[in-house]
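Chemist: Quick one, structure-v1.cif (mmCIF, C-alpha atoms and all ligand atoms):
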data_my_file
loop_
_atom_site.label_atom_id
_atom_site.label_comp_id
_atom_site.auth_asym_id
_atom_site.auth_seq_id
_atom_site.Cartn_x
_atom_site.Cartn_y
_atom_site.Cartn_z
CA MET A 24 -54.73 -171.00 -35.22
CA TRP A 25 -53.49 -168.37 -37.64
CA GLU A 26 -55.89 -165.73 -36.36
CA ALA A 27 -55.28 -166.61 -32.77
CA PHE A 28 -51.57 -166.30 -33.23
CA CYS A 29 -51.53 -163.09 -35.26
CA GLY A 30 -54.13 -161.63 -32.97
CA SER A 31 -51.96 -162.12 -29.93
CA ILE A 32 -48.96 -160.53 -31.58
CA ILE A 33 -50.92 -157.57 -32.88
CA ARG A 34 -52.47 -156.91 -29.51
CA ASP A 35 -49.04 -156.98 -27.92
CA SER A 36 -47.15 -154.77 -30.32
CA CYS A 37 -49.39 -152.54 -32.41
CA ALA A 38 -50.54 -149.38 -30.74
CA GLY A 39 -51.49 -147.65 -33.97
CA GLU A 40 -54.18 -148.16 -36.53
CA LEU A 41 -54.33 -151.57 -38.17
CA ALA A 42 -54.89 -150.63 -41.78
CA PRO A 43 -52.72 -150.42 -44.87
CA PHE A 44 -51.23 -147.01 -45.39
CA ARG A 45 -49.60 -145.05 -48.18
CA GLN A 46 -45.88 -145.19 -47.55
CA PRO A 47 -44.41 -141.75 -48.13
CA GLN A 48 -41.21 -141.25 -50.11
CA LEU A 49 -38.12 -141.40 -47.89
CA GLU A 50 -36.92 -137.86 -47.43
CA CYS A 51 -33.23 -137.10 -48.00
CA ALA A 52 -32.72 -140.72 -49.07
CA THR A 53 -29.20 -140.16 -50.39
CA ALA A 54 -27.94 -138.74 -47.12
CA LYS A 55 -29.70 -141.43 -45.12
CA PHE A 56 -28.22 -144.17 -47.26
CA ALA A 57 -24.77 -142.66 -46.81
CA GLY A 58 -25.27 -142.69 -43.03
CA LEU A 59 -26.39 -146.31 -43.04
CA LYS A 60 -23.49 -147.34 -45.23
CA SER A 61 -20.93 -145.54 -43.09
CA ILE A 62 -22.22 -147.27 -39.95
CA ALA A 63 -22.17 -150.64 -41.71
CA VAL A 64 -18.65 -150.15 -43.00
CA HIS A 65 -17.43 -148.88 -39.64
CA ARG A 66 -18.83 -151.80 -37.63
CA ARG A 67 -16.34 -154.45 -36.60
CA SER A 68 -16.55 -157.27 -34.13
CA VAL A 69 -15.00 -155.93 -30.94
CA ARG A 70 -14.11 -158.36 -28.18
CA TRP A 71 -12.29 -156.21 -25.62
CA PHE A 72 -14.35 -153.84 -23.57
CA GLN A 73 -13.92 -151.04 -21.08
CA ASP A 74 -15.11 -151.71 -17.55
CA ARG A 75 -18.06 -149.41 -18.14
CA ASP A 76 -21.77 -149.96 -17.79
CA VAL A 77 -23.81 -150.25 -20.93
CA PRO A 78 -26.85 -147.95 -20.77
CA ARG A 79 -29.92 -150.16 -20.93
CA ALA A 80 -31.87 -147.47 -22.78
CA LEU A 81 -29.37 -147.52 -25.65
CA VAL A 82 -29.54 -151.29 -25.97
CA GLU A 83 -33.32 -151.11 -26.04
CA GLU A 84 -33.14 -148.41 -28.68
CA ALA A 85 -30.94 -150.69 -30.78
CA ALA A 86 -33.33 -153.59 -30.20
CA ALA A 87 -36.16 -151.40 -31.49
CA VAL A 88 -34.20 -150.91 -34.70
CA GLY A 89 -33.65 -154.67 -34.89
CA LEU A 90 -37.39 -155.12 -34.57
CA THR A 91 -38.00 -153.15 -37.76
CA ALA A 92 -36.59 -156.15 -39.65
CA PRO A 93 -38.83 -158.19 -41.88
CA SER A 94 -39.83 -161.54 -40.42
CA ALA A 95 -41.76 -164.45 -41.84
CA CYS A 96 -45.47 -163.55 -41.65
CA ASN A 97 -44.31 -160.71 -39.40
CA ARG A 98 -44.31 -163.17 -36.51
CA GLN A 99 -41.19 -161.86 -34.76
CA SER A 100 -41.09 -165.06 -32.80
CA PHE A 101 -38.10 -164.45 -30.60
CA ARG A 102 -37.04 -162.64 -27.46
CA LEU A 103 -33.85 -160.94 -26.39
CA LEU A 104 -32.53 -161.53 -22.90
CA ILE A 105 -29.82 -159.01 -22.04
CA ILE A 106 -27.69 -159.83 -19.04
CA ASP A 107 -25.65 -157.14 -17.34
CA ASP A 108 -25.63 -158.65 -13.87
CA PRO A 109 -21.89 -158.95 -13.09
CA GLU A 110 -22.00 -162.59 -12.02
CA LEU A 111 -24.61 -163.97 -14.39
CA ARG A 112 -23.14 -162.31 -17.47
CA LYS A 113 -19.82 -164.08 -16.90
CA ARG A 114 -21.46 -167.44 -16.37
CA VAL A 115 -23.56 -167.09 -19.51
CA ALA A 116 -20.67 -165.74 -21.61
CA LYS A 117 -18.56 -168.78 -20.74
CA ILE A 118 -21.00 -171.32 -22.13
CA PRO A 119 -20.58 -170.81 -25.89
CA MET A 120 -17.23 -171.98 -27.14
CA GLY A 121 -16.41 -168.87 -29.16
CA THR A 122 -15.74 -166.62 -26.17
CA ALA A 123 -12.55 -168.32 -24.94
CA GLY A 124 -10.21 -165.66 -23.59
CA PHE A 125 -12.64 -162.77 -23.48
CA ALA A 126 -15.75 -164.05 -21.68
CA ASP A 127 -14.88 -162.49 -18.33
CA GLN A 128 -14.90 -158.84 -19.40
CA ILE A 129 -18.07 -158.53 -21.49
CA PRO A 130 -20.21 -155.80 -19.86
CA ALA A 131 -23.52 -157.01 -21.29
CA ILE A 132 -24.38 -160.15 -23.14
CA ALA A 133 -27.56 -160.48 -25.14
CA VAL A 134 -29.06 -163.90 -25.73
CA LEU A 135 -31.30 -164.02 -28.78
CA ILE A 136 -33.86 -166.74 -28.20
CA GLY A 137 -36.07 -168.08 -30.97
CA GLN A 138 -39.54 -169.37 -30.15
CA HIS A 139 -40.81 -172.18 -32.33
CA ARG A 140 -44.34 -171.46 -31.09
CA GLY A 141 -44.58 -168.85 -33.86
CA TYR A 142 -44.36 -171.50 -36.57
CA GLU A 143 -46.65 -174.46 -36.36
CA HIS A 144 -45.38 -176.31 -39.47
CA GLU A 145 -42.25 -178.39 -39.57
CA ARG A 146 -41.41 -176.80 -42.92
CA ASP A 147 -40.86 -173.50 -41.11
CA ARG A 148 -38.42 -174.91 -38.58
CA HIS A 149 -35.62 -172.65 -39.80
CA ALA A 150 -37.69 -169.48 -39.66
CA ILE A 151 -36.61 -168.49 -36.15
CA TYR A 152 -33.00 -168.49 -37.32
CA VAL A 153 -33.71 -166.43 -40.41
CA ASP A 154 -35.86 -163.95 -38.49
CA GLY A 155 -33.34 -163.85 -35.66
CA GLY A 156 -30.48 -163.18 -38.07
CA LEU A 157 -32.32 -160.30 -39.67
CA PHE A 158 -33.10 -158.86 -36.24
CA ALA A 159 -29.49 -159.23 -35.15
CA SER A 160 -28.21 -157.44 -38.22
CA GLY A 161 -30.20 -154.29 -37.49
CA PHE A 162 -29.44 -154.63 -33.79
CA VAL A 163 -25.65 -154.63 -34.16
CA LEU A 164 -25.71 -151.82 -36.72
CA ALA A 165 -27.85 -149.75 -34.39
CA LEU A 166 -25.52 -150.46 -31.46
CA GLU A 167 -22.64 -149.21 -33.60
CA GLY A 168 -24.60 -146.10 -34.53
CA LEU A 169 -25.23 -145.44 -30.85
CA GLY A 170 -21.51 -145.57 -30.09
CA LEU A 171 -21.45 -149.09 -28.66
CA ASN A 172 -19.41 -152.02 -29.89
CA SER A 173 -20.48 -155.62 -30.23
CA CYS A 174 -19.49 -159.10 -31.25
CA CYS A 175 -21.91 -161.79 -32.36
CA ILE A 176 -21.26 -165.09 -30.63
CA ASN A 177 -22.09 -168.42 -32.19
CA TRP A 178 -24.43 -170.73 -30.32
CA PRO A 179 -23.13 -174.30 -30.51
CA GLU A 180 -25.90 -176.86 -31.02
CA ILE A 181 -24.57 -179.32 -28.47
CA ARG A 182 -26.86 -181.08 -26.02
CA VAL A 183 -24.78 -180.32 -22.95
CA LYS A 184 -24.53 -176.63 -23.88
CA ASN A 185 -28.29 -176.41 -24.38
CA ARG A 186 -28.81 -178.01 -20.99
CA GLN A 187 -26.39 -175.59 -19.34
CA ILE A 188 -27.96 -172.43 -20.74
CA ARG A 189 -31.49 -173.69 -20.19
CA LYS A 190 -30.70 -174.22 -16.54
CA LEU A 191 -28.98 -170.87 -16.13
CA ILE A 192 -31.43 -168.51 -17.83
CA GLY A 193 -34.63 -170.57 -18.08
CA LEU A 194 -36.01 -171.44 -21.48
CA ASP A 195 -39.46 -172.67 -22.43
CA GLU A 196 -39.76 -176.04 -24.11
CA ASP A 197 -39.96 -174.53 -27.63
CA GLU A 198 -37.23 -171.94 -27.16
CA ARG A 199 -33.81 -172.25 -28.78
CA VAL A 200 -30.80 -170.00 -28.49
CA ILE A 201 -30.09 -168.46 -31.89
CA MET A 202 -26.94 -166.55 -31.02
CA LEU A 203 -25.46 -164.25 -28.41
CA VAL A 204 -24.19 -160.71 -28.79
CA ALA A 205 -21.43 -159.27 -26.61
CA ILE A 206 -22.03 -155.56 -26.03
CA GLY A 207 -19.93 -152.81 -24.53
CA TYR A 208 -17.67 -149.85 -25.11
CA GLY A 209 -14.50 -151.13 -26.74
CA THR A 210 -11.18 -150.39 -25.10
CA GLU A 211 -9.36 -147.55 -26.79
CA ASN A 212 -6.65 -148.22 -29.37
CA GLN A 213 -7.23 -151.96 -29.48
CA LEU A 214 -6.39 -153.78 -32.67
CA VAL A 215 -9.43 -155.39 -34.24
CA PRO A 216 -9.08 -158.18 -36.79
CA ARG A 217 -9.09 -156.91 -40.35
CA SER A 218 -11.87 -159.06 -41.73
CA HIS A 219 -11.99 -158.54 -45.44
CA LYS A 220 -15.40 -158.61 -47.04
CA ARG A 221 -16.05 -160.26 -50.34
CA HIS A 222 -16.41 -158.04 -53.35
CA VAL A 223 -20.00 -157.63 -54.36
CA LYS A 224 -19.20 -159.02 -57.82
CA THR A 225 -18.18 -162.35 -56.27
CA VAL A 226 -21.54 -162.68 -54.51
CA VAL A 227 -24.11 -161.08 -56.76
CA GLU A 228 -25.13 -162.74 -59.96
CA TRP A 229 -27.64 -161.50 -62.54
CA ARG A 230 -29.46 -163.46 -65.19
C1 LIG B 1 -23.46 -165.88 -36.25
C2 LIG B 1 -22.11 -165.39 -35.83
C3 LIG B 1 -21.39 -166.10 -34.91
C4 LIG B 1 -20.15 -165.63 -34.47
N1 LIG B 1 -19.50 -166.29 -33.47
C5 LIG B 1 -18.37 -165.78 -32.97
C6 LIG B 1 -17.77 -166.40 -31.84
O1 LIG B 1 -18.26 -167.38 -31.31
N2 LIG B 1 -16.64 -165.84 -31.35
C7 LIG B 1 -16.08 -164.72 -31.90
O2 LIG B 1 -15.06 -164.26 -31.39
N3 LIG B 1 -16.63 -164.10 -32.97
C8 LIG B 1 -17.76 -164.61 -33.52
N4 LIG B 1 -18.38 -163.99 -34.57
C9 LIG B 1 -17.78 -162.80 -35.16
C10 LIG B 1 -17.15 -163.13 -36.50
O3 LIG B 1 -15.95 -163.79 -36.29
C11 LIG B 1 -16.97 -161.83 -37.28
O4 LIG B 1 -18.24 -161.28 -37.54
C12 LIG B 1 -16.26 -162.06 -38.60
O5 LIG B 1 -14.95 -162.51 -38.40
C13 LIG B 1 -16.22 -160.80 -39.44
O6 LIG B 1 -15.62 -159.76 -38.72
P1 LIG B 1 -16.38 -158.38 -38.46
O7 LIG B 1 -17.59 -158.69 -37.65
O8 LIG B 1 -15.39 -157.53 -37.71
O9 LIG B 1 -16.76 -157.81 -39.78
C14 LIG B 1 -19.60 -164.45 -35.04
C15 LIG B 1 -20.33 -163.76 -36.00
C16 LIG B 1 -21.57 -164.22 -36.38
C17 LIG B 1 -22.36 -163.43 -37.39
#
Would you write out, as structure tokens, the structure that this file holds?
Ligand SMILES: Cc1cc2nc3c(=O)[nH]c(=O)nc-3n(C[C@H](O)[C@H](O)[C@H](O)COP(=O)(O)O)c2cc1C

Modeler:
Amino acid sequence: MWEAFCGSIIRDSCAGELAPFRQPQLECATAKFAGLKSIAVHRRSVRWFQDRDVPRALVEEAAAVGLTAPSACNRQSFRLLIIDDPELRKRVAKIPMGTAGFADQIPAIAVLIGQHRGYEHERDRHAIYVDGGLFASGFVLALEGLGLNSCCINWPEIRVKNRQIRKLIGLDEDERVIMLVAIGYGTENQLVPRSHKRHVKTVVEWR
């Protein structure tokens, strides 16, 4: 089972050599860290978008960054469905409850779909959500770095909502929506909520 599963993933995604390698030192680490931090600090959830197409290539570039995330056993057991079709994107954006008031004007909406098939044990039933969250983090930071704005959208675990989305976009039996991400170019001069972040000292503890 293990080999069959890993084998299929490796065949799909690894073009290069399959052998451990010596990881080189990161060059110009200080400058690179500063760049990462400035993107992270700049990112805000943006909900109002220009009526402007989102370049698919940029979203895919951001998804590639998301895919660098660690995942349990490197299984990466999820897929990302990005909907920019003018009719479908509105219908999908209206299903989750957290888009009230802004669902109609989202240029592209990404649905992050976890696939339980990657984890055969019940004990790993949360793994798709952890892996998906790590992917999403890199994805939204990369979107920001590419000049796009985004807003993560909660997926409500409600039977009727699951039925609705399943019918609209087609989901396999083992697939679950993890979250959605609204993507677009934010309207100019809009006011975004000032969401304060906790101080690191209130979160981090050492022993
Ligand atoms: C998993 C997740 C679900 C979210 N769901 C919604 C949502 O349904 N509607 C919404 O307007 N914002 C949603 N957000 C955005 C949060 O409200 C936002 O990230 C938070 O207020 C912090 O603001 P910031 O992203 O600007 O830092 C969600 C964010 C995350 C990470």

Chemist: Report as a PyMOL selection string which protein, DNA and RNA residues come within 10 Å of ligand LIG 1 (chain B), using all atoms listed in the file.

Modeler: chain A and resi 63-70+119-126+152+156+159-160+163+173-179+201-205+215-220

Chemist: Those same residues, written as a tab-separated table (two decimals), in the frame of the given file with C-alpha atoms?

Modeler:
chain	number	residue	atom	x	y	z
A	63	ALA	CA	-22.17	-150.64	-41.71
A	64	VAL	CA	-18.65	-150.15	-43.00
A	65	HIS	CA	-17.43	-148.88	-39.64
A	66	ARG	CA	-18.83	-151.80	-37.63
A	67	ARG	CA	-16.34	-154.45	-36.60
A	68	SER	CA	-16.55	-157.27	-34.13
A	69	VAL	CA	-15.00	-155.93	-30.94
A	70	ARG	CA	-14.11	-158.36	-28.18
A	119	PRO	CA	-20.58	-170.81	-25.89
A	120	MET	CA	-17.23	-171.98	-27.14
A	121	GLY	CA	-16.41	-168.87	-29.16
A	122	THR	CA	-15.74	-166.62	-26.17
A	123	ALA	CA	-12.55	-168.32	-24.94
A	124	GLY	CA	-10.21	-165.66	-23.59
A	125	PHE	CA	-12.64	-162.77	-23.48
A	126	ALA	CA	-15.75	-164.05	-21.68
A	152	TYR	CA	-33.00	-168.49	-37.32
A	156	GLY	CA	-30.48	-163.18	-38.07
A	159	ALA	CA	-29.49	-159.23	-35.15
A	160	SER	CA	-28.21	-157.44	-38.22
A	163	VAL	CA	-25.65	-154.63	-34.16
A	173	SER	CA	-20.48	-155.62	-30.23
A	174	CYS	CA	-19.49	-159.10	-31.25
A	175	CYS	CA	-21.91	-161.79	-32.36
A	176	ILE	CA	-21.26	-165.09	-30.63
A	177	ASN	CA	-22.09	-168.42	-32.19
A	178	TRP	CA	-24.43	-170.73	-30.32
A	179	PRO	CA	-23.13	-174.30	-30.51
A	201	ILE	CA	-30.09	-168.46	-31.89
A	202	MET	CA	-26.94	-166.55	-31.02
A	203	LEU	CA	-25.46	-164.25	-28.41
A	204	VAL	CA	-24.19	-160.71	-28.79
A	205	ALA	CA	-21.43	-159.27	-26.61
A	215	VAL	CA	-9.43	-155.39	-34.24
A	216	PRO	CA	-9.08	-158.18	-36.79
A	217	ARG	CA	-9.09	-156.91	-40.35
A	218	SER	CA	-11.87	-159.06	-41.73
A	219	HIS	CA	-11.99	-158.54	-45.44
A	220	LYS	CA	-15.40	-158.61	-47.04

Chemist: Neighbours of A:Glu110 within 12 Å (all atoms listed in the file; same-chain residues fewer than 5 positions away dropped), as a PyMOL selection string?

Modeler: chain A and resi 115-117+126-132+191

Chemist: May I ask for the distance between atom CA of A:Thr53 and atom CA of A:Thr91, given in Å to one decimal place?

Modeler: 20.1 Å

Chemist: Write out as a PyMOL selection string which residues come within 12 Å of stretch 144-148 of chain A when counting all atoms listed in the file, dropping same-chain ones fewer than 6 positions away.

Modeler: chain A and resi 24-25+95-96+98+100+137-138+154+197-199

Chemist: Here is a test: counting only C-alpha atoms, which residue of A:Glu167, A:Arg140, A:Ile118, A:His222 is nearest to A:Lys190?

Modeler: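 Distance minimum relative to A:Lys190 lands on A:Ile118.
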
Chemist: From the set A:Ala52, A:Ile136, A:Leu166, A:Val77, which residue has the shortest atom-to-atom contact distance to A:Gly89, counting all atoms listed in the file?

Modeler: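 Of A:Ala52, A:Ile136, A:Leu166, A:Val77, the one nearest A:Gly89 is A:Leu166, counting all atoms listed in the file.
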
Chemist: Kindly give the distance, in Å, that separates atom CA of A:Ala85 and atom CA of A:Phe162, rounded to a single decimal.

Modeler: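 So the answer is 5.2 Å.
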
Chemist: So, with only C-alpha atoms as the atoms that count, which of A:Ala80, A:Leu171, A:Ala92, A:Leu111 lies closest to A:Gly155?

Modeler: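 Smallest distance to A:Gly155 is found for A:Ala92.
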
Chemist: Between A:Val200, A:Leu164, A:Val226, A:Leu135, which one has atoms that come closest to A:Ile181, using all atoms listed in the file?

Modeler: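 With all atoms listed in the file as the atom set, the closest residue is A:Val200.
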
Chemist: Of the candidates A:Val223, A:Ala165, A:Leu157, A:Leu49, which shows the shortest atom-to-atom distance to A:Ala87, using only C-alpha atoms?

Modeler: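 That would be A:Ala165, the residue with the smallest distance to A:Ala87.
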
Chemist: Can you take the partial stretch 108-123 of chain A, add N, CA, C and O atoms, and return it as a compact mmCIF listing (two decimals), in the frame of the given file?

Modeler:
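See selection_1.txt below for the written result:
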# COMPACT_ATOMS: atom_id res chain seq x y z
N ASP A 108 -25.98 -158.30 -15.25
CA ASP A 108 -25.63 -158.65 -13.87
C ASP A 108 -24.19 -159.18 -13.87
O ASP A 108 -23.86 -160.09 -14.64
N PRO A 109 -23.33 -158.63 -13.01
CA PRO A 109 -21.89 -158.95 -13.09
C PRO A 109 -21.57 -160.44 -12.99
O PRO A 109 -20.64 -160.92 -13.64
N GLU A 110 -22.30 -161.16 -12.16
CA GLU A 110 -22.00 -162.59 -12.02
C GLU A 110 -22.60 -163.41 -13.15
O GLU A 110 -21.92 -164.23 -13.78
N LEU A 111 -23.89 -163.16 -13.39
CA LEU A 111 -24.61 -163.97 -14.39
C LEU A 111 -24.03 -163.79 -15.79
O LEU A 111 -23.91 -164.74 -16.56
N ARG A 112 -23.64 -162.54 -16.10
CA ARG A 112 -23.14 -162.31 -17.47
C ARG A 112 -21.87 -163.13 -17.73
O ARG A 112 -21.64 -163.61 -18.83
N LYS A 113 -21.04 -163.28 -16.70
CA LYS A 113 -19.82 -164.08 -16.90
C LYS A 113 -20.17 -165.55 -17.08
O LYS A 113 -19.60 -166.24 -17.92
N ARG A 114 -21.10 -166.03 -16.28
CA ARG A 114 -21.46 -167.44 -16.37
C ARG A 114 -22.08 -167.77 -17.72
O ARG A 114 -21.77 -168.80 -18.32
N VAL A 115 -22.93 -166.85 -18.20
CA VAL A 115 -23.56 -167.09 -19.51
C VAL A 115 -22.51 -166.98 -20.62
O VAL A 115 -22.46 -167.82 -21.53
N ALA A 116 -21.65 -165.96 -20.52
CA ALA A 116 -20.67 -165.74 -21.61
C ALA A 116 -19.69 -166.90 -21.74
O ALA A 116 -19.11 -167.09 -22.81
N LYS A 117 -19.52 -167.67 -20.68
CA LYS A 117 -18.56 -168.78 -20.74
C LYS A 117 -19.12 -170.03 -21.41
O LYS A 117 -18.37 -170.92 -21.77
N ILE A 118 -20.43 -170.08 -21.59
CA ILE A 118 -21.00 -171.32 -22.13
C ILE A 118 -20.68 -171.54 -23.61
O ILE A 118 -20.18 -172.59 -23.98
N PRO A 119 -20.93 -170.55 -24.48
CA PRO A 119 -20.58 -170.81 -25.89
C PRO A 119 -19.07 -170.94 -26.04
O PRO A 119 -18.31 -170.36 -25.27
N MET A 120 -18.66 -171.69 -27.04
CA MET A 120 -17.23 -171.98 -27.14
C MET A 120 -16.43 -170.83 -27.75
O MET A 120 -15.22 -170.76 -27.58
N GLY A 121 -17.12 -169.91 -28.43
CA GLY A 121 -16.41 -168.87 -29.16
C GLY A 121 -15.99 -167.67 -28.33
O GLY A 121 -15.59 -166.65 -28.89
N THR A 122 -16.10 -167.77 -27.01
CA THR A 122 -15.74 -166.62 -26.17
C THR A 122 -14.47 -166.88 -25.36
O THR A 122 -14.14 -166.09 -24.47
N ALA A 123 -13.76 -167.96 -25.70
CA ALA A 123 -12.55 -168.32 -24.94
C ALA A 123 -11.59 -167.13 -24.92
O ALA A 123 -11.27 -166.56 -25.96
